[in-house]
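Asker: My structure file data-v5.cif, mmCIF, C-alpha atoms, is below:
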```
data_target
loop_
_atom_site.group_PDB
_atom_site.id
_atom_site.type_symbol
_atom_site.label_atom_id
_atom_site.label_comp_id
_atom_site.auth_asym_id
_atom_site.auth_seq_id
_atom_site.Cartn_x
_atom_site.Cartn_y
_atom_site.Cartn_z
ATOM 1 C CA MET A 248 32.014 2.352 -5.389
ATOM 2 C CA ASP A 249 30.472 5.328 -7.130
ATOM 3 C CA GLY A 250 29.643 7.441 -4.122
ATOM 4 C CA MET A 251 28.725 7.579 -0.488
ATOM 5 C CA LEU A 252 25.509 8.652 1.207
ATOM 6 C CA GLU A 253 25.627 10.857 4.310
ATOM 7 C CA ASP A 254 25.235 7.812 6.565
ATOM 8 C CA GLY A 255 28.273 6.109 4.988
ATOM 9 C CA THR A 256 26.295 3.753 2.743
ATOM 10 C CA GLU A 257 28.014 3.030 -0.553
ATOM 11 C CA THR A 258 26.113 3.791 -3.741
ATOM 12 C CA ILE A 259 26.562 2.071 -7.076
ATOM 13 C CA SER A 260 25.375 3.512 -10.367
ATOM 14 C CA VAL A 261 23.674 1.041 -12.652
ATOM 15 C CA PRO A 262 22.377 2.021 -16.078
ATOM 16 C CA ALA A 263 18.576 2.001 -16.002
ATOM 17 C CA SER A 264 18.519 -0.293 -19.038
ATOM 18 C CA LYS A 265 20.197 -3.006 -16.899
ATOM 19 C CA ILE A 266 17.534 -2.934 -14.178
ATOM 20 C CA PRO A 267 15.027 -5.768 -14.781
ATOM 21 C CA GLY A 268 12.473 -4.336 -12.404
ATOM 22 C CA LEU A 269 11.831 -2.509 -9.209
ATOM 23 C CA ILE A 270 9.872 -3.859 -6.252
ATOM 24 C CA THR A 271 9.052 -1.508 -3.404
ATOM 25 C CA PHE A 272 7.270 -2.299 -0.143
ATOM 26 C CA THR A 273 5.317 -0.422 2.511
ATOM 27 C CA HIS A 274 3.013 -1.488 5.273
ATOM 28 C CA PHE A 275 0.720 1.489 4.773
ATOM 29 C CA LEU A 276 -1.331 2.316 1.672
ATOM 30 C CA PRO A 277 0.831 4.267 -0.794
ATOM 31 C CA ASN A 278 -1.974 6.440 -2.177
ATOM 32 C CA GLN A 279 -5.722 6.903 -1.917
ATOM 33 C CA LYS A 280 -6.407 4.814 -5.019
ATOM 34 C CA THR A 281 -5.304 1.794 -2.982
ATOM 35 C CA LEU A 282 -8.136 2.359 -0.480
ATOM 36 C CA PRO A 283 -10.443 -0.690 -0.214
ATOM 37 C CA ASP A 284 -13.432 1.284 -1.526
ATOM 38 C CA TRP A 285 -11.700 3.190 -4.340
ATOM 39 C CA LYS A 286 -13.486 1.626 -7.306
ATOM 40 C CA ASP A 287 -11.818 3.339 -10.264
ATOM 41 C CA PRO A 288 -8.051 4.034 -10.216
ATOM 42 C CA THR A 289 -8.410 6.320 -13.255
ATOM 43 C CA ILE A 290 -10.522 8.814 -11.263
ATOM 44 C CA ASP A 291 -8.825 11.337 -8.946
ATOM 45 C CA THR A 292 -11.831 12.014 -6.697
ATOM 46 C CA PHE A 293 -13.288 9.625 -4.120
ATOM 47 C CA LEU A 294 -16.979 9.213 -5.002
ATOM 48 C CA ARG A 295 -18.245 8.748 -1.466
ATOM 49 C CA ASP A 296 -21.970 8.355 -2.202
ATOM 50 C CA GLU A 297 -21.408 5.871 -5.031
ATOM 51 C CA TRP A 298 -18.526 3.850 -3.588
ATOM 52 C CA LEU A 299 -19.591 3.533 0.045
ATOM 53 C CA ASP A 300 -22.585 1.458 -1.019
ATOM 54 C CA HIS A 301 -22.152 -1.447 1.382
ATOM 55 C CA PRO A 302 -23.192 -2.472 4.923
ATOM 56 C CA VAL A 303 -20.411 -0.575 6.782
ATOM 57 C CA PRO A 304 -20.004 2.789 5.023
ATOM 58 C CA ASP A 305 -19.253 4.760 8.204
ATOM 59 C CA ILE A 306 -16.175 2.679 9.064
ATOM 60 C CA SER A 307 -14.929 2.897 5.485
ATOM 61 C CA ALA A 308 -15.504 6.660 5.401
ATOM 62 C CA LYS A 309 -13.334 7.092 8.508
ATOM 63 C CA PHE A 310 -10.543 4.983 6.997
ATOM 64 C CA ALA A 311 -10.773 6.916 3.715
ATOM 65 C CA LYS A 312 -9.970 10.123 5.614
ATOM 66 C CA VAL A 313 -6.616 8.811 6.870
ATOM 67 C CA GLY A 314 -5.659 5.963 4.514
ATOM 68 C CA GLY A 315 -3.445 6.394 1.475
ATOM 69 C CA SER A 316 -0.356 8.581 1.639
ATOM 70 C CA ALA A 317 0.629 10.821 -1.260
ATOM 71 C CA LEU A 318 4.003 11.205 0.459
ATOM 72 C CA ILE A 319 4.647 7.441 0.255
ATOM 73 C CA ASP A 320 3.631 7.416 -3.412
ATOM 74 C CA GLU A 321 5.945 10.346 -4.194
ATOM 75 C CA GLN A 322 8.793 8.557 -2.456
ATOM 76 C CA ILE A 323 8.379 5.262 -4.330
ATOM 77 C CA ARG A 324 8.026 7.131 -7.638
ATOM 78 C CA SER A 325 11.181 9.178 -6.946
ATOM 79 C CA ILE A 326 13.372 6.060 -6.895
ATOM 80 C CA LEU A 327 13.320 6.001 -10.670
ATOM 81 C CA PRO A 328 12.468 9.267 -12.436
ATOM 82 C CA THR A 329 9.513 9.325 -14.842
ATOM 83 C CA ARG A 330 11.686 10.163 -17.843
ATOM 84 C CA THR A 331 13.867 7.096 -17.145
ATOM 85 C CA ARG A 332 10.748 4.932 -16.804
ATOM 86 C CA LYS A 333 9.578 6.006 -20.254
ATOM 87 C CA ASP A 334 12.957 5.237 -21.850
ATOM 88 C CA ILE A 335 13.032 1.594 -20.738
ATOM 89 C CA ASP A 336 10.529 -1.195 -20.264
ATOM 90 C CA LEU A 337 10.829 -1.377 -16.496
ATOM 91 C CA LYS A 338 8.298 -3.195 -14.352
ATOM 92 C CA HIS A 339 7.667 -1.438 -11.038
ATOM 93 C CA LEU A 340 5.665 -3.371 -8.467
ATOM 94 C CA HIS A 341 4.653 -1.916 -5.125
ATOM 95 C CA ILE A 342 3.556 -4.345 -2.425
ATOM 96 C CA PHE A 343 1.565 -2.815 0.433
ATOM 97 C CA GLY A 344 -0.501 -3.869 3.405
ATOM 98 C CA HIS A 345 -2.661 -2.568 6.244
ATOM 99 C CA SER A 346 -6.130 -2.476 4.665
ATOM 100 C CA HIS A 347 -7.112 -6.181 4.877
ATOM 101 C CA ARG A 348 -8.642 -5.940 1.388
ATOM 102 C CA PRO A 349 -6.987 -7.450 -1.709
ATOM 103 C CA LYS A 350 -5.975 -5.143 -4.540
ATOM 104 C CA ASP A 351 -4.014 -5.679 -7.756
ATOM 105 C CA PHE A 352 -4.048 -2.965 -10.396
ATOM 106 C CA VAL A 353 -1.754 -0.724 -12.416
ATOM 107 C CA HIS A 354 -1.789 3.058 -12.059
ATOM 108 C CA GLU A 355 0.598 5.405 -13.865
ATOM 109 C CA GLY A 356 3.192 2.714 -14.522
ATOM 110 C CA ILE A 357 3.212 1.067 -11.096
ATOM 111 C CA ARG A 358 1.446 -2.183 -10.258
ATOM 112 C CA TYR A 359 -0.007 -1.998 -6.745
ATOM 113 C CA ILE A 360 -0.477 -5.360 -5.014
ATOM 114 C CA HIS A 361 -2.033 -6.248 -1.666
ATOM 115 C CA ASN A 362 -2.619 -9.923 -0.885
ATOM 116 C CA PRO A 363 -3.801 -9.907 2.745
ATOM 117 C CA LEU A 364 -4.274 -12.850 5.040
ATOM 118 C CA GLY A 365 -7.260 -11.165 6.654
ATOM 119 C CA LYS A 366 -8.931 -12.168 9.886
ATOM 120 C CA PRO A 367 -10.830 -15.488 10.078
ATOM 121 C CA ALA A 368 -14.163 -13.614 10.127
ATOM 122 C CA GLU A 369 -13.132 -11.675 7.002
ATOM 123 C CA ARG A 370 -12.335 -14.952 5.214
ATOM 124 C CA GLU A 371 -15.672 -16.463 6.306
ATOM 125 C CA MET A 372 -17.501 -13.426 4.910
ATOM 126 C CA ASP A 373 -15.456 -13.604 1.667
ATOM 127 C CA MET A 374 -14.030 -10.122 2.237
ATOM 128 C CA VAL A 375 -10.691 -11.766 1.389
ATOM 129 C CA SER A 376 -9.941 -15.127 -0.185
ATOM 130 C CA ARG A 377 -10.761 -18.157 1.936
ATOM 131 C CA LYS A 378 -7.718 -19.845 0.410
ATOM 132 C CA VAL A 379 -4.835 -18.143 2.156
ATOM 133 C CA ASP A 380 -1.696 -18.405 0.048
ATOM 134 C CA PHE A 381 1.401 -16.509 -0.925
ATOM 135 C CA GLN A 382 1.254 -14.674 -4.220
ATOM 136 C CA LEU A 383 4.245 -15.014 -6.519
ATOM 137 C CA VAL A 384 4.776 -11.637 -8.185
ATOM 138 C CA TRP A 385 8.345 -11.942 -9.534
ATOM 139 C CA SER A 386 10.522 -14.766 -10.798
ATOM 140 C CA CYS A 387 14.213 -14.675 -11.582
ATOM 141 C CA ALA A 388 14.227 -18.031 -13.343
ATOM 142 C CA LYS A 389 12.363 -19.412 -16.296
ATOM 143 C CA ALA A 390 9.731 -21.989 -15.444
ATOM 144 C CA LYS A 391 6.745 -23.712 -16.928
ATOM 145 C CA ASN A 392 3.239 -22.599 -15.980
ATOM 146 C CA SER A 393 2.706 -25.987 -14.358
ATOM 147 C CA ASP A 394 5.566 -25.215 -11.943
ATOM 148 C CA LEU A 395 3.891 -22.008 -10.734
ATOM 149 C CA LEU A 396 0.422 -23.175 -9.730
ATOM 150 C CA ARG A 397 -1.318 -21.222 -7.009
ATOM 151 C CA SER A 398 -3.643 -22.938 -4.560
ATOM 152 C CA ASP A 399 -6.692 -21.477 -6.292
ATOM 153 C CA GLU A 400 -5.509 -22.607 -9.725
ATOM 154 C CA GLU A 401 -7.865 -25.597 -9.816
ATOM 155 C CA ASP A 402 -10.941 -23.513 -9.033
ATOM 156 C CA SER A 403 -10.152 -20.798 -11.578
ATOM 157 C CA GLY A 404 -9.502 -23.116 -14.498
ATOM 158 C CA GLY A 405 -5.989 -21.703 -14.737
ATOM 159 C CA GLN A 406 -7.104 -18.161 -15.558
ATOM 160 C CA ASN A 407 -5.502 -16.574 -12.484
ATOM 161 C CA MET A 408 -1.999 -17.771 -13.297
ATOM 162 C CA SER A 409 0.275 -16.518 -15.995
ATOM 163 C CA TYR A 410 4.014 -16.238 -16.402
ATOM 164 C CA SER A 411 6.132 -13.601 -18.020
ATOM 165 C CA GLY A 412 8.566 -16.045 -19.631
ATOM 166 C CA GLY A 413 11.564 -15.327 -17.409
ATOM 167 C CA LYS A 414 11.301 -11.546 -17.646
ATOM 168 C CA GLY A 415 10.504 -11.213 -13.970
ATOM 169 C CA GLU A 416 6.957 -10.043 -13.265
ATOM 170 C CA ILE A 417 4.241 -12.623 -12.728
ATOM 171 C CA PRO A 418 0.992 -10.943 -13.800
ATOM 172 C CA GLY A 419 -2.031 -11.389 -11.580
ATOM 173 C CA SER A 420 -5.751 -10.935 -11.887
ATOM 174 C CA ARG A 421 -6.905 -7.328 -11.585
ATOM 175 C CA ILE A 422 -8.630 -6.845 -8.222
ATOM 176 C CA ILE A 423 -10.374 -3.651 -7.207
ATOM 177 C CA ARG A 424 -13.043 -4.813 -4.690
ATOM 178 C CA PHE A 425 -12.551 -8.506 -3.929
ATOM 179 C CA TRP A 426 -15.710 -8.955 -1.869
ATOM 180 C CA GLU A 427 -17.763 -7.530 -4.709
ATOM 181 C CA GLU A 428 -15.916 -9.254 -7.573
ATOM 182 C CA GLU A 429 -15.152 -12.655 -6.005
ATOM 183 C CA GLY A 430 -17.071 -12.780 -2.730
ATOM 184 C CA GLY A 431 -20.626 -12.641 -4.017
ATOM 185 C CA GLY A 432 -21.332 -8.926 -3.695
ATOM 186 C CA LYS A 433 -23.455 -6.807 -1.376
ATOM 187 C CA LYS A 434 -26.423 -9.151 -1.067
ATOM 188 C CA LEU A 435 -24.335 -12.082 0.174
ATOM 189 C CA LEU A 436 -22.255 -9.790 2.372
ATOM 190 C CA LEU A 437 -25.437 -8.580 4.088
ATOM 191 C CA GLU A 438 -26.615 -12.163 4.603
ATOM 192 C CA ARG A 439 -23.293 -13.147 6.147
#
```
Reformat the file's structure so that it appears as structure tokens.

Answerer:
Amino acid sequence: MDGMLEDGTETISVPASKIPGLITFTHFLPNQKTLPDWKDPTIDTFLRDEWLDHPVPDISAKFAKVGGSALIDEQIRSILPTRTRKDIDLKHLHIFGHSHRPKDFVHEGIRYIHNPLGKPAEREMDMVSRKVDFQLVWSCAKAKNSDLLRSDEEDSGGQNMSYSGGKGEIPGSRIIRFWEEEGGGKKLLLER
């Protein structure tokens, strides 16, 4: 035992170089860049007129006012200080929920992942994948690619699946706006 927190929880110090990765979880969106309509994670300003270019902009605009918490993002980033992150090759994955829109992208050293089930109507409209499945994001054991097939592997020709060779993280396809990238775009969304 290295120490004790105020609530009596024991703490153990582990050298950062021994940590293979860090996976954090929240139900709510950890920052505004994880909003369903945030198209470019490298931009710090929400481009309302350009990004709310779909059939339900008013609903999205309301969600954009309250979704994404800088406080949550600060908290998950404080677990491992930035200087420590730069000294080691640590993979930090943050799994989040709430928005019903898939996301998978890296921003400032953290991979943000949301793989929602969605409502049946959202699947029918291709707002989320019609093929509901778990997404493997981390593996503690070495395996062959053929052992890690996802249910959509056949349709994608194997391009959505890769393996990190036992180093932990299972990379995924970058997803910013699923319905636009995989679901046929605005025209089909309007028809549906």

Asker: With all atoms listed in the file as the counted atoms, please give the residues lying no more than 10 Å from A:Thr273, apart from itself and same-chain residues fewer than 4 positions off, as a ChimeraX atom specification.

Answerer: /A:277,319-320,323,341-345

Asker: Using only C-alpha atoms, please write the residues we just selected to a file, as a PDB file, in the coordinates of the input.

Answerer:
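Here's the written file part.pdb:
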```pdb
ATOM      1  CA  PRO A 277       0.831   4.267  -0.794  1.00  0.00           C
ATOM      2  CA  ILE A 319       4.647   7.441   0.255  1.00  0.00           C
ATOM      3  CA  ASP A 320       3.631   7.416  -3.412  1.00  0.00           C
ATOM      4  CA  ILE A 323       8.379   5.262  -4.330  1.00  0.00           C
ATOM      5  CA  HIS A 341       4.653  -1.916  -5.125  1.00  0.00           C
ATOM      6  CA  ILE A 342       3.556  -4.345  -2.425  1.00  0.00           C
ATOM      7  CA  PHE A 343       1.565  -2.815   0.433  1.00  0.00           C
ATOM      8  CA  GLY A 344      -0.501  -3.869   3.405  1.00  0.00           C
ATOM      9  CA  HIS A 345      -2.661  -2.568   6.244  1.00  0.00           C
TER      10      HIS A 345
END
```

Asker: Counting all atoms listed in the file, what is within 9 Å of A:Lys286, bar same-chain residues fewer than 5 positions away, as a PDB file with C-alpha atoms, in the coordinates of the input?

Answerer:
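Listed below is the output, result24.pdb:
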```pdb
ATOM      1  CA  LYS A 280      -6.407   4.814  -5.019  1.00  0.00           C
ATOM      2  CA  PHE A 293     -13.288   9.625  -4.120  1.00  0.00           C
ATOM      3  CA  LEU A 294     -16.979   9.213  -5.002  1.00  0.00           C
ATOM      4  CA  TRP A 298     -18.526   3.850  -3.588  1.00  0.00           C
ATOM      5  CA  ILE A 423     -10.374  -3.651  -7.207  1.00  0.00           C
ATOM      6  CA  ARG A 424     -13.043  -4.813  -4.690  1.00  0.00           C
TER       7      ARG A 424
END
```

Asker: Give me the result of the PyMOL selection byres ((chain A and resi 375) around 10) on this file, residue by residue, as JSON, numbers by chain.

Answerer: {"A": [347, 348, 349, 362, 363, 364, 365, 366, 367, 368, 369, 370, 371, 372, 373, 374, 376, 377, 378, 379, 424, 425, 426, 429, 430]}

Asker: Mind giving me the straight-line distance from atom CA of A:Tyr359 to atom CA of A:Asn278 in Å, one decimal?

Answerer: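 Computing the Euclidean distance for atom CA of A:Tyr359 and atom CA of A:Asn278 yields 9.8 Å.
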
Asker: Quick one, how far is atom CA of A:Pro267 from atom CA of A:Lys338?

Answerer: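 It comes out at 7.2 Å.
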
Asker: What does the distance between atom CA of A:Gly415 and atom CA of A:His339 come to in Å, to one decimal place?

Answerer: 10.6 Å

Asker: Using all atoms listed in the file, which of A:Glu355, A:Thr289, A:Leu276, A:His301 sits nearest A:Ser316?

Answerer: A:Leu276

Asker: Kindly extract all protein, DNA and RNA residues lying within 12 Å of the coordinates (-17.8, 2.5, 5.1) given in the file, considering all atoms listed in the file, and supply them as JSON, numbers by chain.

Answerer: {"A": [282, 283, 284, 285, 295, 296, 297, 298, 299, 300, 301, 302, 303, 304, 305, 306, 307, 308, 309, 310, 311, 312]}

Asker: Please determine, counting only C-alpha atoms, which residue among A:Ile270, A:Gln382, A:Leu435, A:Ile290 has the shortest atom-to-atom distance to A:Lys350.

Answerer: A:Gln382

Asker: What lies within 8 Å of A:Trp385 using all atoms listed in the file, ignoring chain neighbours under 2 positions off, as a ChimeraX atom specification?

Answerer: /A:383,387,415-417

Asker: Looking at A:Ile266, A:Ile360, A:Val313, A:Leu327, which one is nearest to A:Ile422, with distances taken over all atoms listed in the file?

Answerer: A:Ile360
